[in-house]
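First the structure, in the form of structure tokens, and then the observations on it.
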2 protein chains.
Amino acid sequence: MTAIKELSRSRVHSGQQIRLQHQSEVLNCEMTFGLFLPPQAETGPVPVLYWLSGLTCTDENFALKAGAQRMAAQLGLAIVCPDTSPRGTDLPGEHENWDFGSGAGFYVNATHAPWSDHYHMYDYVKQELPALIETEFPVTDQRSVSGHSMGGHGALMCALKDPDRYQSASAFAPICHPSETSWGVKAFSHYLGDDRNEWRDWDATQLVCTVEKQLPILIDQGLEDEYLGEELKPGSLEQACICTHHPLEVRMQHGYGHGYYFVTSFIDDHLRYHAKALGLLG
Amino acid sequence: MTAIKELSRSRVHSGQQIRLQHQSEVLNCEMTFGLFLPPQAETGPVPVLYWLSGLTCTDENFALKAGAQRMAAQLGLAIVCPDTSPRGTDLPGEHENWDFGSGAGFYVNATHAPWSDHYHMYDYVKQELPALIETEFPVTDQRSVSGHSMGGHGALMCALKDPDRYQSASAFAPICHPSETSWGVKAFSHYLGDDRNEWRDWDATQLVCTVEKQLPILIDQGLEDEYLGEELKPGSLEQACICTHHPLEVRMQHGYGHGYYFVTSFIDDHLRYHAKALGLLG
């Protein structure tokens with residue numbers, strides 16, 4: 001097991017917000033992530049919510065802006081926040097766009113050069129990081145997954161591609177059908193190549209049609225979200241779920257936008273939703 | 001009345017977080033500030049908490065990081081966040097230090113050139129900004145004041161210099177005795193000159209000895225705060241309050257540091273404290 005370096009540790013709501021660094025084997029670079037441990041972790045292992053952030057974010061945005069630690073400390077829930085792409089690499093064009101390359105890994109396993117040397121974010125957030133967390137910290141192997149925007153789609157993929165690994169899944173303003181949006185087409189054509197058949201395994205709306213086990217999904221979506229119609233397309237996912245009888249609740253929230261003011265407004269609901277699935281609430 | 005320009009507006013916890021810009025007469029420059037209006041402001045005027053931020057902050061840090069809107073929306077409390085110094089000016093040395101000049105106005109009225117042309121942050125946060133808020137927005141003239149670090153000292157000064165203007169005052173990790181700390185000496189010698197007799201009217205520990213009306217003060221202070229001994233010195237303020245029988249509660253919080261993870265952990269307590277003084281709680 002690779003050594004983990006602790007970068008900082010702050011007490012918050014009687015728990016610990018810790019920033020950590022390690023050498024990722026699947027990403028082939030050094031990665032930073034955030035871990036919130038609730039006070040209950042001092043006396044026994046606790047379950048974990050994996051939070052996947054959106055475009056341009058790092059491991060820190062959620063910890064600093066979502067206000068999640070208060071409720072997570074009440075519930076006894078750890079929260080892990082990975083970064084949104086490999087870091088410290090310098091691939092051609094990697095740092096030139098905010099919606100592609102660094103800060104925009106899209107939680108897929110890239111198959112095309114040069115991205116395939118590093119951009120395996122799906123394996124990282126689903127396998128390597130949980131294995132590290134579950135070895136090194138006082139947590140159980142009970143996991144839930146949530147995320148925002150690009151990370152909301154990451155959470156949907158985790159739930160749809162490997163429903164046995166998670167007790168529950170939710171998303172805030174997720175990209176729902178990346179194959180049909182400009183952000184998704186740009187990222188997928190670089191990471192996965194131009195053959196759209198290869199994209200089907202990384203698109204939530206298409207994955208819904210192929211799942212073997214159905215894990216219910218909770219989505220909150222702001223109605224004043226500027227990306228709603230062009231990039232997020234929750235209607236496509238809803239239609240696919242209707243056709244396949246996949247359990248999905250989409251809550252349209254009047255007046256809310258796309259950013260962290262929206263996330264913080266509903267994070268407590270999601271934390272309680274996951275806590276119930278993880279056996280923390282009666 | 002000068003025109004106010006709305007820069008952005010986001011729904012959060014059923015209220016509105018608004019970012020606004022106006023031409024300040026007392027600061028002689030254009031200023032940006034934040035305003036949270038709780039949902040109750042849609043049906044009638046609400047009281048206001050003025051939040052004064054610390055060194056290097058802008059009007060945005062508290063709104064993004066403190067997680068205060070949830071409780072403020074429950075209580076029916078507006079929150080105004082001024083910036084921490086004049087902006088858009090270019091005085092000699094103004095932008096060279098993080099603890100002096102821009103981002104570090106210390107909420108005093110500067111008397112020495114070139115600072116005296118702009119750096120009248122005390123008059124701005126105590127008079128000009130509340131007058132604007134109370135004219136333009138659905139708020140009452142019932143005010144409370146709080147703040148963090150340099151802004152915690154600003155809140156203490158407001159409470160000690162003009163207790164009739166505020167219903168309640170509190171602070172997080174405030175600088176308590178700036179005349180005896182390196183941050184304070186640096187700022188005061190520039191803004192107020194080298195005659196330390198002129199500093200007495202801008203130092204909370206010295207102001208305690210001269211107040212005409214005693215407004216109780218609540219302070220939270222983290223015991224792992226790296227600035228506690230050298231820059232904050234709550235013991236000096238406590239001693240002065242003991243000598244003068246000034247009502248003061250200092251809550252020392254085990255394990256907590258100086259930053260926003262500390263503020264967010266106790267902000268709900270402070271909001272309820274102010275709400276009670278403002279007549280919002282039984």
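As shown in the structure tokens, the chain order sets the letters A, B, ...; within each chain, residues go from 1, and ligands are also counted from 1 in the order they appear.
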Enumerate as a list in words the residues belonging to chain B that approach chain A to within 6 Å, with only C-alpha atoms taken into account. Arg11, Val12, His13, Leu64, Lys65, Gly67, Tyr256, Tyr261 and Ser265 of chain B
Could you please take those selected residues and save N, CA, C and O atoms as a PDB file, in the first residue's frame?
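Below you can see part.pdb, which holds the result:
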```pdb
ATOM      1  N   ARG B  11     -30.695  31.720  -5.561  1.00  0.00           N
ATOM      2  CA  ARG B  11     -31.558  31.207  -4.507  1.00  0.00           C
ATOM      3  C   ARG B  11     -30.752  30.239  -3.646  1.00  0.00           C
ATOM      4  O   ARG B  11     -30.003  29.403  -4.157  1.00  0.00           O
ATOM      5  N   VAL B  12     -30.886  30.378  -2.339  1.00  0.00           N
ATOM      6  CA  VAL B  12     -30.242  29.448  -1.411  1.00  0.00           C
ATOM      7  C   VAL B  12     -31.140  29.302  -0.187  1.00  0.00           C
ATOM      8  O   VAL B  12     -31.604  30.302   0.373  1.00  0.00           O
ATOM      9  N   HIS B  13     -31.447  28.075   0.174  1.00  0.00           N
ATOM     10  CA  HIS B  13     -32.307  27.787   1.316  1.00  0.00           C
ATOM     11  C   HIS B  13     -33.584  28.641   1.299  1.00  0.00           C
ATOM     12  O   HIS B  13     -33.969  29.224   2.316  1.00  0.00           O
ATOM     13  N   LEU B  64     -20.075  32.141   0.908  1.00  0.00           N
ATOM     14  CA  LEU B  64     -19.753  30.859   0.280  1.00  0.00           C
ATOM     15  C   LEU B  64     -19.363  29.780   1.285  1.00  0.00           C
ATOM     16  O   LEU B  64     -19.554  28.602   1.026  1.00  0.00           O
ATOM     17  N   LYS B  65     -18.779  30.162   2.417  1.00  0.00           N
ATOM     18  CA  LYS B  65     -18.130  29.164   3.257  1.00  0.00           C
ATOM     19  C   LYS B  65     -18.747  28.950   4.639  1.00  0.00           C
ATOM     20  O   LYS B  65     -18.450  27.948   5.286  1.00  0.00           O
ATOM     21  N   GLY B  67     -21.932  28.668   5.622  1.00  0.00           N
ATOM     22  CA  GLY B  67     -23.142  27.860   5.741  1.00  0.00           C
ATOM     23  C   GLY B  67     -24.196  28.509   6.623  1.00  0.00           C
ATOM     24  O   GLY B  67     -24.989  27.825   7.284  1.00  0.00           O
ATOM     25  N   TYR B 256     -10.290  23.360  17.704  1.00  0.00           N
ATOM     26  CA  TYR B 256     -10.623  24.153  16.519  1.00  0.00           C
ATOM     27  C   TYR B 256      -9.533  25.152  16.156  1.00  0.00           C
ATOM     28  O   TYR B 256      -8.883  25.720  17.033  1.00  0.00           O
ATOM     29  N   TYR B 261     -13.697  26.535   8.756  1.00  0.00           N
ATOM     30  CA  TYR B 261     -14.201  25.292   9.362  1.00  0.00           C
ATOM     31  C   TYR B 261     -14.589  25.545  10.821  1.00  0.00           C
ATOM     32  O   TYR B 261     -15.508  24.912  11.348  1.00  0.00           O
ATOM     33  N   SER B 265     -18.720  25.831  12.232  1.00  0.00           N
ATOM     34  CA  SER B 265     -19.093  24.910  13.313  1.00  0.00           C
ATOM     35  C   SER B 265     -19.946  25.580  14.388  1.00  0.00           C
ATOM     36  O   SER B 265     -20.690  24.900  15.097  1.00  0.00           O
TER      37      SER B 265
END
```
Applying 12 Å and only C-alpha atoms, which residues near B:Tyr273 remain after dropping the ones on its own chain fewer than 4 positions away? List them as a list of chain:residue names.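 Result of the neighbour search: B:Leu49, B:Met71, B:Ala72, B:Leu75, B:Leu77, B:Ser144, B:Val145, B:Ser146, B:Gln167, B:Ser168, B:Ala169, B:Ser170, B:Ala171, B:Pro216, B:Ile217, B:Leu218, B:Ile219, B:Glu249, B:Phe266, B:Ile267, B:Asp268, B:Asp269, B:Ala277, B:Leu278, B:Gly279, B:Leu280, B:Leu281, B:Gly282.
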If I take atom CA of B:Lys126 and atom CA of B:Cys158, how far is one from the other in Å, to one decimal? 7.1 Å
Name all residues at most 12 Å from A:Ser85 (count only C-alpha atoms; drop same-chain ones fewer than 3 positions away) and give them as a PyMOL selection string. chain A and resi 24+26-33+52-59+82+88-89+94-95+98-110+115+118-125+150-151
Among the residues of stretch 2-188 of chain B, find those DSSP assigns to helix (DSSP H, G or I) from the backbone and print them as a PyMOL selection string. chain B and resi 39-42+61-65+69-75+115-117+121-136+150-161+163-165+178-180+182-188
Taking only stretch 20-115 of chain B into account, list the residues labelled strand (DSSP E) by DSSP (computed from the backbone), as a ChimeraX atom specification. /B:20-24,29-37,46-52,78-82
Hey, which of A:Phe172, A:Gln239, A:Val48, A:His153 ends up closest to A:Leu223? Count only C-alpha atoms.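 The answer is A:Phe172, which sits nearest to A:Leu223.
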